[in-house]
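File shown: my_file_36.pdb. Contents: PDB, C-alpha atoms.
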```
MODEL        1
ATOM      1  CA  MET A   1      -2.188 -44.335 -14.602
ATOM      2  CA  THR A   2      -3.618 -47.100 -12.448
ATOM      3  CA  VAL A   3      -2.356 -50.558 -11.674
ATOM      4  CA  PRO A   4      -4.139 -53.203  -9.544
ATOM      5  CA  ALA A   5      -2.604 -53.758  -6.142
ATOM      6  CA  ASP A   6      -1.768 -57.456  -6.685
ATOM      7  CA  GLN A   7       0.075 -56.754  -9.944
ATOM      8  CA  LEU A   8       1.872 -53.801  -8.382
ATOM      9  CA  ASN A   9       3.147 -56.029  -5.583
ATOM     10  CA  ALA A  10       4.437 -58.542  -8.142
ATOM     11  CA  LEU A  11       6.312 -55.810 -10.008
ATOM     12  CA  VAL A  12       7.774 -53.918  -7.097
ATOM     13  CA  SER A  13       8.080 -56.155  -4.043
ATOM     14  CA  PRO A  14       6.469 -59.625  -4.034
ATOM     15  CA  GLU A  15       7.402 -60.185  -0.397
ATOM     16  CA  VAL A  16       5.606 -57.159   1.044
ATOM     17  CA  ASP A  17       3.172 -58.121   3.817
ATOM     18  CA  SER A  18      -0.327 -57.024   2.837
ATOM     19  CA  THR A  19      -1.764 -57.405   6.353
ATOM     20  CA  PRO A  20      -3.314 -54.076   7.345
ATOM     21  CA  ASP A  21      -1.734 -52.214  10.192
ATOM     22  CA  THR A  22      -3.590 -51.942  13.456
ATOM     23  CA  ILE A  23      -5.553 -48.699  13.729
ATOM     24  CA  ASP A  24      -6.050 -46.927  17.042
ATOM     25  CA  SER A  25      -3.891 -49.641  18.644
ATOM     26  CA  VAL A  26      -6.955 -51.955  18.666
ATOM     27  CA  ALA A  27      -9.021 -52.016  15.470
ATOM     28  CA  LEU A  28      -7.717 -53.251  12.142
ATOM     29  CA  ALA A  29      -9.865 -50.801  10.184
ATOM     30  CA  ARG A  30     -13.042 -48.749  10.330
ATOM     31  CA  LEU A  31     -16.096 -49.513   8.243
ATOM     32  CA  TYR A  32     -18.682 -46.695   8.046
ATOM     33  CA  GLY A  33     -17.148 -45.213  11.157
ATOM     34  CA  GLU A  34     -17.330 -48.462  13.134
ATOM     35  CA  PRO A  35     -14.097 -50.208  14.252
ATOM     36  CA  LEU A  36     -13.305 -53.530  12.558
ATOM     37  CA  PHE A  37     -11.408 -55.913  14.843
ATOM     38  CA  ASN A  38     -11.399 -59.055  12.641
ATOM     39  CA  ILE A  39     -11.018 -59.498   8.904
ATOM     40  CA  PRO A  40     -14.300 -60.958   7.465
ATOM     41  CA  GLN A  41     -13.760 -64.374   5.920
ATOM     42  CA  ASP A  42     -16.654 -64.089   3.419
ATOM     43  CA  LEU A  43     -15.841 -60.560   2.243
ATOM     44  CA  TYR A  44     -15.951 -60.245  -1.572
ATOM     45  CA  ILE A  45     -13.637 -57.653  -3.113
ATOM     46  CA  PRO A  46     -14.099 -56.971  -6.855
ATOM     47  CA  PRO A  47     -10.918 -57.089  -8.965
ATOM     48  CA  ASP A  48     -11.059 -53.355  -9.655
ATOM     49  CA  ALA A  49     -12.043 -52.337  -6.141
ATOM     50  CA  LEU A  50      -8.524 -51.283  -5.166
ATOM     51  CA  GLU A  51      -6.368 -49.252  -7.493
ATOM     52  CA  VAL A  52      -3.077 -47.562  -6.739
ATOM     53  CA  PHE A  53      -2.343 -44.353  -8.614
ATOM     54  CA  LEU A  54       1.269 -44.124  -9.747
ATOM     55  CA  GLU A  55       2.628 -40.706 -10.599
ATOM     56  CA  ALA A  56       6.224 -41.827 -11.166
ATOM     57  CA  PHE A  57       5.859 -42.430 -14.913
ATOM     58  CA  GLU A  58       4.697 -39.510 -17.010
ATOM     59  CA  GLY A  59       5.027 -41.236 -20.362
ATOM     60  CA  PRO A  60       6.879 -43.927 -22.315
ATOM     61  CA  LEU A  61      10.205 -42.108 -22.175
ATOM     62  CA  ASP A  62       9.871 -41.742 -18.421
ATOM     63  CA  LEU A  63       9.240 -45.472 -17.995
ATOM     64  CA  LEU A  64      12.078 -46.410 -20.335
ATOM     65  CA  LEU A  65      14.498 -44.085 -18.553
ATOM     66  CA  TYR A  66      13.425 -45.557 -15.203
ATOM     67  CA  LEU A  67      14.170 -49.122 -16.375
ATOM     68  CA  ILE A  68      17.599 -48.096 -17.682
ATOM     69  CA  ARG A  69      18.676 -46.102 -14.626
ATOM     70  CA  LYS A  70      17.297 -48.631 -12.130
ATOM     71  CA  GLN A  71      19.545 -51.382 -13.517
ATOM     72  CA  ASN A  72      22.495 -49.041 -14.117
ATOM     73  CA  PHE A  73      22.531 -49.628 -17.846
ATOM     74  CA  ASN A  74      24.686 -47.353 -19.991
ATOM     75  CA  VAL A  75      22.275 -45.136 -21.864
ATOM     76  CA  LEU A  76      24.717 -44.937 -24.766
ATOM     77  CA  ASP A  77      24.820 -48.759 -25.000
ATOM     78  CA  ILE A  78      21.318 -49.947 -24.134
ATOM     79  CA  PRO A  79      20.800 -53.721 -23.947
ATOM     80  CA  MET A  80      17.690 -53.660 -26.102
ATOM     81  CA  SER A  81      16.692 -57.273 -25.470
ATOM     82  CA  GLU A  82      16.427 -56.934 -21.674
ATOM     83  CA  VAL A  83      14.942 -53.429 -21.702
ATOM     84  CA  THR A  84      12.378 -54.387 -24.320
ATOM     85  CA  ARG A  85      11.319 -57.426 -22.338
ATOM     86  CA  GLN A  86      10.784 -55.476 -19.128
ATOM     87  CA  TYR A  87       9.021 -52.694 -20.985
ATOM     88  CA  LEU A  88       6.623 -55.084 -22.751
ATOM     89  CA  ASN A  89       5.875 -56.813 -19.448
ATOM     90  CA  TYR A  90       4.809 -53.526 -17.912
ATOM     91  CA  VAL A  91       2.781 -52.466 -20.979
ATOM     92  CA  ASP A  92       0.974 -55.765 -21.043
ATOM     93  CA  GLN A  93      -0.246 -55.218 -17.460
ATOM     94  CA  ILE A  94      -1.512 -51.672 -17.947
ATOM     95  CA  ARG A  95      -3.140 -52.610 -21.272
ATOM     96  CA  GLN A  96      -5.533 -54.963 -19.461
ATOM     97  CA  HIS A  97      -6.923 -52.131 -17.341
ATOM     98  CA  ASN A  98      -6.474 -48.963 -19.345
ATOM     99  CA  LEU A  99      -6.294 -49.445 -23.075
ATOM    100  CA  GLU A 100      -6.399 -45.709 -23.805
ATOM    101  CA  LEU A 101      -3.389 -45.061 -21.559
ATOM    102  CA  ALA A 102      -1.533 -48.039 -23.012
ATOM    103  CA  GLY A 103      -1.772 -46.625 -26.553
ATOM    104  CA  GLU A 104       1.209 -44.308 -26.341
ATOM    105  CA  TYR A 105       3.177 -46.969 -24.489
ATOM    106  CA  LEU A 106       2.446 -49.426 -27.288
ATOM    107  CA  LEU A 107       3.862 -46.961 -29.799
ATOM    108  CA  MET A 108       7.123 -46.887 -27.893
ATOM    109  CA  ALA A 109       7.048 -50.689 -27.595
ATOM    110  CA  ALA A 110       6.809 -50.929 -31.385
ATOM    111  CA  LEU A 111       9.831 -48.636 -31.683
ATOM    112  CA  LEU A 112      11.821 -50.788 -29.249
ATOM    113  CA  ILE A 113      10.933 -53.952 -31.149
ATOM    114  CA  GLU A 114      11.985 -52.294 -34.396
ATOM    115  CA  ILE A 115      15.334 -51.235 -32.933
ATOM    116  CA  LYS A 116      15.862 -54.704 -31.493
ATOM    117  CA  SER A 117      15.105 -56.274 -34.895
ATOM    118  CA  ARG A 118      17.472 -53.924 -36.717
ATOM    119  CA  MET A 119      20.235 -54.787 -34.289
ATOM    120  CA  LEU A 120      19.801 -58.479 -35.033
ATOM    121  CA  LEU A 121      20.483 -57.869 -38.712
ATOM    122  CA  PRO A 122      24.113 -57.962 -39.922
ATOM    123  CA  VAL A 123      25.675 -54.539 -40.157
ATOM    124  CA  LYS A 124      26.294 -53.386 -43.742
ATOM    125  CA  LYS A 125      28.113 -50.328 -44.916
ATOM    126  CA  SER A 126      26.329 -47.749 -46.997
ATOM    127  CA  ASP A 127      26.968 -47.192 -50.680
ATOM    128  CA  THR A 128      29.336 -44.320 -49.830
ATOM    129  CA  GLY A 129      31.447 -46.549 -47.619
ATOM    130  CA  GLU A 130      30.402 -44.897 -44.367
ATOM    131  CA  GLU A 131      29.249 -46.939 -41.412
ATOM    132  CA  VAL A 132      25.506 -47.136 -40.821
ATOM    133  CA  GLU A 133      24.263 -45.160 -37.837
ATOM    134  CA  ASP A 134      23.461 -47.159 -34.705
ATOM    135  CA  PRO A 135      19.694 -47.918 -34.637
ATOM    136  CA  ARG A 136      19.655 -46.817 -31.011
ATOM    137  CA  ALA A 137      21.063 -43.323 -31.733
ATOM    138  CA  GLU A 138      17.713 -41.536 -32.153
ATOM    139  CA  LEU A 139      16.269 -43.199 -29.040
ATOM    140  CA  VAL A 140      19.381 -42.311 -27.016
ATOM    141  CA  ARG A 141      19.129 -38.697 -28.129
ATOM    142  CA  ARG A 142      15.485 -38.503 -27.066
ATOM    143  CA  LEU A 143      16.247 -40.144 -23.711
ATOM    144  CA  LEU A 144      19.104 -37.741 -22.940
ATOM    145  CA  GLU A 145      17.018 -34.695 -23.840
ATOM    146  CA  TYR A 146      14.129 -35.960 -21.752
ATOM    147  CA  GLU A 147      16.424 -36.627 -18.793
ATOM    148  CA  GLN A 148      17.814 -33.100 -18.996
ATOM    149  CA  MET A 149      14.331 -31.620 -19.020
ATOM    150  CA  LYS A 150      13.259 -33.850 -16.123
ATOM    151  CA  LEU A 151      16.270 -32.817 -14.019
ATOM    152  CA  ALA A 152      15.611 -29.166 -14.799
ATOM    153  CA  ALA A 153      11.966 -29.573 -13.790
ATOM    154  CA  ALA A 154      13.030 -31.254 -10.541
ATOM    155  CA  LYS A 155      15.363 -28.342  -9.728
ATOM    156  CA  LEU A 156      12.602 -25.851 -10.435
ATOM    157  CA  ASN A 157      10.264 -27.836  -8.193
ATOM    158  CA  GLU A 158      12.809 -27.634  -5.370
ATOM    159  CA  LEU A 159      12.645 -23.846  -5.411
ATOM    160  CA  PRO A 160      10.464 -22.368  -2.662
ATOM    161  CA  GLN A 161       6.925 -21.855  -3.889
ATOM    162  CA  LEU A 162       4.310 -19.533  -2.528
ATOM    163  CA  GLY A 163       1.530 -21.490  -0.857
ATOM    164  CA  ARG A 164       3.548 -24.713  -0.702
ATOM    165  CA  ASP A 165       6.764 -23.839   1.135
ATOM    166  CA  PHE A 166       5.962 -20.408   2.523
ATOM    167  CA  GLU A 167       3.145 -17.957   2.868
ATOM    168  CA  ARG A 168       3.133 -14.343   1.948
ATOM    169  CA  ALA A 169       3.582 -12.179   5.011
ATOM    170  CA  ARG A 170       0.748  -9.769   5.555
ATOM    171  CA  ALA A 171       0.688  -7.052   8.157
ATOM    172  CA  TYR A 172      -1.578  -4.084   8.616
ATOM    173  CA  MET A 173       0.140  -0.894   9.535
ATOM    174  CA  ASP A 174      -1.719   2.272  10.373
ATOM    175  CA  LEU A 175       0.471   4.997   8.991
ATOM    176  CA  SER A 176      -0.184   8.655   9.665
ATOM    177  CA  THR A 177       1.840  11.381   8.046
ATOM    178  CA  GLU A 178       2.893  14.308  10.157
ATOM    179  CA  ARG A 179       4.655  17.339   8.844
ATOM    180  CA  ALA A 180       7.981  17.863  10.568
ATOM    181  CA  LEU A 181       8.284  21.446  11.703
ATOM    182  CA  PRO A 182      11.680  23.131  11.327
ATOM    183  CA  GLU A 183      13.599  24.349  14.327
ATOM    184  CA  VAL A 184      13.016  28.041  15.035
ATOM    185  CA  ASN A 185      15.239  30.307  17.130
ATOM    186  CA  ALA A 186      14.606  33.731  18.654
ATOM    187  CA  GLU A 187      16.117  35.596  15.716
ATOM    188  CA  ASP A 188      13.794  33.839  13.269
ATOM    189  CA  LEU A 189      10.791  34.837  15.384
ATOM    190  CA  ARG A 190      11.943  38.465  15.475
ATOM    191  CA  LEU A 191      12.375  38.625  11.718
ATOM    192  CA  ALA A 192       8.989  36.978  11.188
ATOM    193  CA  TRP A 193       7.337  39.511  13.498
ATOM    194  CA  LEU A 194       8.947  42.438  11.669
ATOM    195  CA  ASP A 195       7.708  41.045   8.378
ATOM    196  CA  ILE A 196       4.166  40.783   9.758
ATOM    197  CA  MET A 197       4.278  44.386  10.987
ATOM    198  CA  LYS A 198       5.551  45.545   7.610
ATOM    199  CA  ARG A 199       2.686  43.793   5.846
ATOM    200  CA  ALA A 200       0.208  45.217   8.368
ATOM    201  CA  LYS A 201       1.357  48.758   7.596
ATOM    202  CA  LEU A 202       0.930  48.146   3.876
ATOM    203  CA  ASN A 203      -2.620  46.937   4.445
ATOM    204  CA  ALA A 204      -3.559  49.515   7.079
ATOM    205  CA  HIS A 205      -6.864  51.304   6.596
ATOM    206  CA  HIS A 206      -8.863  53.800   8.578
ATOM    207  CA  HIS A 207     -12.565  53.966   8.998
ATOM    208  CA  ILE A 208     -13.604  57.624   9.196
ATOM    209  CA  THR A 209     -16.951  58.467  10.673
ATOM    210  CA  ARG A 210     -18.560  61.831  10.844
ATOM    211  CA  GLU A 211     -18.871  63.037  14.401
ATOM    212  CA  GLN A 212     -21.939  65.089  15.110
ATOM    213  CA  LEU A 213     -20.719  68.285  16.894
ATOM    214  CA  SER A 214     -23.067  71.103  17.635
ATOM    215  CA  VAL A 215     -21.784  74.686  17.944
ATOM    216  CA  ARG A 216     -24.992  75.653  19.696
ATOM    217  CA  ASP A 217     -24.368  73.096  22.447
ATOM    218  CA  HIS A 218     -20.859  74.400  23.027
ATOM    219  CA  MET A 219     -22.182  78.001  23.137
ATOM    220  CA  THR A 220     -24.563  76.977  25.911
ATOM    221  CA  HIS A 221     -21.728  75.224  27.770
ATOM    222  CA  ILE A 222     -19.525  78.356  27.626
ATOM    223  CA  LEU A 223     -22.324  80.623  28.879
ATOM    224  CA  ARG A 224     -22.928  78.319  31.847
ATOM    225  CA  ARG A 225     -19.240  78.311  32.787
ATOM    226  CA  LEU A 226     -18.920  82.098  32.616
ATOM    227  CA  SER A 227     -22.137  82.705  34.534
ATOM    228  CA  ASP A 228     -20.462  81.791  37.842
ATOM    229  CA  VAL A 229     -17.306  83.910  37.401
ATOM    230  CA  ARG A 230     -16.619  87.542  36.630
ATOM    231  CA  PHE A 231     -14.042  86.697  33.959
ATOM    232  CA  MET A 232     -11.919  83.764  32.791
ATOM    233  CA  GLU A 233      -8.596  83.557  31.093
ATOM    234  CA  PHE A 234      -8.758  82.463  27.472
ATOM    235  CA  ARG A 235      -6.623  79.332  27.885
ATOM    236  CA  ASP A 236      -8.598  78.190  30.934
ATOM    237  CA  LEU A 237     -11.661  77.978  28.716
ATOM    238  CA  PHE A 238     -10.017  75.219  26.626
ATOM    239  CA  LEU A 239      -7.765  73.633  29.260
ATOM    240  CA  GLU A 240     -10.511  71.290  30.459
ATOM    241  CA  ARG A 241     -11.085  69.964  26.943
ATOM    242  CA  VAL A 242      -7.400  69.387  26.263
ATOM    243  CA  GLU A 243      -6.739  67.619  29.574
ATOM    244  CA  ALA A 244      -9.741  65.337  28.980
ATOM    245  CA  GLY A 245      -8.046  64.114  25.779
ATOM    246  CA  GLU A 246     -10.886  65.179  23.512
ATOM    247  CA  PRO A 247     -10.213  65.199  19.780
ATOM    248  CA  ALA A 248      -9.001  68.357  18.103
ATOM    249  CA  ALA A 249     -12.346  68.678  16.352
ATOM    250  CA  VAL A 250     -14.101  69.197  19.688
ATOM    251  CA  VAL A 251     -11.638  71.933  20.675
ATOM    252  CA  VAL A 252     -12.129  73.634  17.312
ATOM    253  CA  VAL A 253     -15.898  73.553  17.675
ATOM    254  CA  HIS A 254     -15.528  74.943  21.186
ATOM    255  CA  PHE A 255     -13.455  77.794  19.783
ATOM    256  CA  LEU A 256     -16.021  78.461  17.069
ATOM    257  CA  ALA A 257     -18.735  78.558  19.726
ATOM    258  CA  MET A 258     -16.767  81.263  21.605
ATOM    259  CA  LEU A 259     -16.374  83.323  18.424
ATOM    260  CA  GLU A 260     -20.080  82.976  17.682
ATOM    261  CA  LEU A 261     -20.920  84.257  21.168
ATOM    262  CA  ALA A 262     -18.570  87.193  20.649
ATOM    263  CA  ARG A 263     -20.200  87.971  17.289
ATOM    264  CA  GLU A 264     -23.615  87.981  18.917
ATOM    265  CA  THR A 265     -22.200  90.316  21.609
ATOM    266  CA  LEU A 266     -22.811  87.782  24.342
ATOM    267  CA  LEU A 267     -19.120  87.656  25.271
ATOM    268  CA  GLU A 268     -16.440  90.272  25.682
ATOM    269  CA  ILE A 269     -12.853  89.414  24.862
ATOM    270  CA  THR A 270     -10.350  91.856  26.325
ATOM    271  CA  GLN A 271      -6.577  92.294  26.499
ATOM    272  CA  ALA A 272      -4.820  95.034  28.425
ATOM    273  CA  GLU A 273      -1.758  95.272  26.168
ATOM    274  CA  PRO A 274      -0.046  93.277  23.397
ATOM    275  CA  TYR A 275       1.019  89.827  24.478
ATOM    276  CA  ALA A 276      -0.849  90.207  27.716
ATOM    277  CA  PRO A 277      -3.249  87.478  28.861
ATOM    278  CA  ILE A 278      -6.600  87.425  27.110
ATOM    279  CA  TYR A 279      -9.713  87.389  29.272
ATOM    280  CA  ILE A 280     -13.266  86.478  28.535
ATOM    281  CA  ARG A 281     -16.403  87.515  30.350
ATOM    282  CA  LEU A 282     -20.069  87.822  29.774
ATOM    283  CA  SER A 283     -21.242  91.078  28.320
ATOM    284  CA  TYR A 284     -23.544  93.223  30.351
ATOM    285  CA  SER A 285     -26.425  92.627  27.992
ATOM    286  CA  SER A 286     -26.135  88.831  28.430
ATOM    287  CA  GLN A 287     -25.994  89.262  32.211
ATOM    288  CA  ALA A 288     -29.112  91.326  32.060
ATOM    289  CA  VAL A 289     -30.751  88.626  29.997
ATOM    290  CA  ALA A 290     -29.671  85.991  32.498
TER     291      ALA A 290
ENDMDL
END
```

Rewritten as structure tokens:
Amino acid sequence: MTVPADQLNALVSPEVDSTPDTIDSVALARLYGEPLFNIPQDLYIPPDALEVFLEAFEGPLDLLLYLIRKQNFNVLDIPMSEVTRQYLNYVDQIRQHNLELAGEYLLMAALLIEIKSRMLLPVKKSDTGEEVEDPRAELVRRLLEYEQMKLAAAKLNELPQLGRDFERARAYMDLSTERALPEVNAEDLRLAWLDIMKRAKLNAHHHITREQLSVRDHMTHILRRLSDVRFMEFRDLFLERVEAGEPAAVVVVHFLAMLELARETLLEITQAEPYAPIYIRLSYSSQAVA
């Protein structure tokens, strides 16, 4: 609600000095950004040019409770004459400037006047003999309930509020997750290695390729070796192959080549007696051919 400054001063503090404070230690005020050092004598201010917004009263009950508490009246024994007079004085001032706002205040004023009138009447007992309820009882109940709600709202307002009393803390943290490896000792490594070898044996495979061995080539090789000697012991013919680490297949083919030469009567295989050394030499016909 709004109340003109002059009427507000009369209500609150008639003796308050309205002289503006000095601004910037020199100027009295600033007009359109320019400093004002002297108050203009011919300055016209409309009646509604200055309005003060009051947020203390949020309704008729708030105003009525303010008048009662300010003068330390007992809310259970309200002096209706004095309270009604002060209340009507305030309503009369706001009605001149804001009729819409004064409507709800006027409703409360009518209730106060009614209560005041009822209290002026002589008290009569009811037909049942019981005492008539105090005309102020309903108003007192409403005032007490309103005061409780107002105190509760004030306590809630005192609680810290986000954006008013504190700000939400915000921090950016770059988190990276790393897998923690377990501790491993020498025995664990040995067992792991044995397990790997066991799996390797289960999955072992061999790639077999066919080796091209020619009996004819080995026959030629044997003939060349025997051409320089008169005879050769049987084991000396294969000793070179075995010492060279050649596969068994090569030795077998070499043996087959010797047998083939013997079948074609190109070699002679002799033995003086059982279990005696076996000798090999070229036959006379092959020497003649050579």

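Take atom CA of Val242 of chain A and atom CA of Ala272 of chain A: the distance between them is 25.9 Å.
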
Residues at most 10 Å from Asp134 of chain A, counting only C-alpha atoms, excluding those fewer than 2 positions away in the same chain, as a PyMOL selection string? chain A and resi 77+115+118-119+123+131-132+136-140

Exactly which residues make up the result of the PyMOL selection byres ((chain A and resi 227) around 9) on this file, given as a PDB file with C-alpha atoms, in the coordinates of the input?
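Result file is part-v7.pdb:
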```pdb
ATOM      1  CA  ILE A 222     -19.525  78.356  27.626  1.00  0.00           C
ATOM      2  CA  LEU A 223     -22.324  80.623  28.879  1.00  0.00           C
ATOM      3  CA  ARG A 224     -22.928  78.319  31.847  1.00  0.00           C
ATOM      4  CA  ARG A 225     -19.240  78.311  32.787  1.00  0.00           C
ATOM      5  CA  LEU A 226     -18.920  82.098  32.616  1.00  0.00           C
ATOM      6  CA  ASP A 228     -20.462  81.791  37.842  1.00  0.00           C
ATOM      7  CA  VAL A 229     -17.306  83.910  37.401  1.00  0.00           C
ATOM      8  CA  ARG A 230     -16.619  87.542  36.630  1.00  0.00           C
ATOM      9  CA  ARG A 281     -16.403  87.515  30.350  1.00  0.00           C
ATOM     10  CA  LEU A 282     -20.069  87.822  29.774  1.00  0.00           C
ATOM     11  CA  GLN A 287     -25.994  89.262  32.211  1.00  0.00           C
ATOM     12  CA  ALA A 290     -29.671  85.991  32.498  1.00  0.00           C
TER      13      ALA A 290
END
```

Apply the PyMOL selection byres ((chain A and resi 144) around 12) to the file shown and report the selected residues as a PyMOL selection string. chain A and resi 61-62+64-65+68-69+74-76+137-143+145-151

Of the listed residues A:Leu31, A:Leu175, A:Val251, A:Ala276, that which approaches His218 of chain A most closely, counting only C-alpha atoms: A:Val251

Convert the output of the PyMOL selection byres ((chain A and resi 213) around 8) on the shown file into explicit residues, formatted as a ChimeraX atom specification. /A:211-212,214-215,250,253

Output as a PDB file, in the coordinates of the input: segment 157-169 of chain A, completed with N, CA, C and O atoms.
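Contents of the output file out10.pdb:
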```
ATOM      1  N   ASN A 157      11.233 -27.443  -9.226  1.00  0.00           N
ATOM      2  CA  ASN A 157      10.264 -27.836  -8.193  1.00  0.00           C
ATOM      3  C   ASN A 157      10.842 -27.698  -6.789  1.00  0.00           C
ATOM      4  O   ASN A 157      10.099 -27.537  -5.821  1.00  0.00           O
ATOM      5  N   GLU A 158      12.182 -27.781  -6.683  1.00  0.00           N
ATOM      6  CA  GLU A 158      12.809 -27.634  -5.370  1.00  0.00           C
ATOM      7  C   GLU A 158      12.853 -26.186  -4.898  1.00  0.00           C
ATOM      8  O   GLU A 158      13.070 -25.923  -3.724  1.00  0.00           O
ATOM      9  N   LEU A 159      12.644 -25.257  -5.816  1.00  0.00           N
ATOM     10  CA  LEU A 159      12.645 -23.846  -5.411  1.00  0.00           C
ATOM     11  C   LEU A 159      11.444 -23.563  -4.526  1.00  0.00           C
ATOM     12  O   LEU A 159      10.377 -24.149  -4.705  1.00  0.00           O
ATOM     13  N   PRO A 160      11.604 -22.698  -3.541  1.00  0.00           N
ATOM     14  CA  PRO A 160      10.464 -22.368  -2.662  1.00  0.00           C
ATOM     15  C   PRO A 160       9.302 -21.791  -3.462  1.00  0.00           C
ATOM     16  O   PRO A 160       9.497 -20.945  -4.332  1.00  0.00           O
ATOM     17  N   GLN A 161       8.128 -22.290  -3.183  1.00  0.00           N
ATOM     18  CA  GLN A 161       6.925 -21.855  -3.889  1.00  0.00           C
ATOM     19  C   GLN A 161       5.935 -21.260  -2.909  1.00  0.00           C
ATOM     20  O   GLN A 161       5.749 -21.766  -1.799  1.00  0.00           O
ATOM     21  N   LEU A 162       5.324 -20.190  -3.341  1.00  0.00           N
ATOM     22  CA  LEU A 162       4.310 -19.533  -2.528  1.00  0.00           C
ATOM     23  C   LEU A 162       3.098 -20.438  -2.372  1.00  0.00           C
ATOM     24  O   LEU A 162       2.577 -20.980  -3.338  1.00  0.00           O
ATOM     25  N   GLY A 163       2.676 -20.641  -1.147  1.00  0.00           N
ATOM     26  CA  GLY A 163       1.530 -21.490  -0.857  1.00  0.00           C
ATOM     27  C   GLY A 163       1.907 -22.924  -0.551  1.00  0.00           C
ATOM     28  O   GLY A 163       1.125 -23.642   0.067  1.00  0.00           O
ATOM     29  N   ARG A 164       3.092 -23.356  -1.000  1.00  0.00           N
ATOM     30  CA  ARG A 164       3.548 -24.713  -0.702  1.00  0.00           C
ATOM     31  C   ARG A 164       4.621 -24.712   0.374  1.00  0.00           C
ATOM     32  O   ARG A 164       4.543 -25.465   1.351  1.00  0.00           O
ATOM     33  N   ASP A 165       5.649 -23.878   0.195  1.00  0.00           N
ATOM     34  CA  ASP A 165       6.764 -23.839   1.135  1.00  0.00           C
ATOM     35  C   ASP A 165       6.718 -22.626   2.064  1.00  0.00           C
ATOM     36  O   ASP A 165       7.330 -22.649   3.130  1.00  0.00           O
ATOM     37  N   PHE A 166       6.043 -21.596   1.668  1.00  0.00           N
ATOM     38  CA  PHE A 166       5.962 -20.408   2.523  1.00  0.00           C
ATOM     39  C   PHE A 166       4.703 -19.649   2.172  1.00  0.00           C
ATOM     40  O   PHE A 166       4.088 -19.875   1.127  1.00  0.00           O
ATOM     41  N   GLU A 167       4.314 -18.801   3.058  1.00  0.00           N
ATOM     42  CA  GLU A 167       3.145 -17.957   2.868  1.00  0.00           C
ATOM     43  C   GLU A 167       3.587 -16.500   2.791  1.00  0.00           C
ATOM     44  O   GLU A 167       4.605 -16.114   3.366  1.00  0.00           O
ATOM     45  N   ARG A 168       2.831 -15.757   2.073  1.00  0.00           N
ATOM     46  CA  ARG A 168       3.133 -14.343   1.948  1.00  0.00           C
ATOM     47  C   ARG A 168       2.816 -13.625   3.261  1.00  0.00           C
ATOM     48  O   ARG A 168       1.717 -13.767   3.807  1.00  0.00           O
ATOM     49  N   ALA A 169       3.784 -12.904   3.751  1.00  0.00           N
ATOM     50  CA  ALA A 169       3.582 -12.179   5.011  1.00  0.00           C
ATOM     51  C   ALA A 169       2.666 -10.984   4.780  1.00  0.00           C
ATOM     52  O   ALA A 169       2.834 -10.237   3.815  1.00  0.00           O
TER      53      ALA A 169
END
```
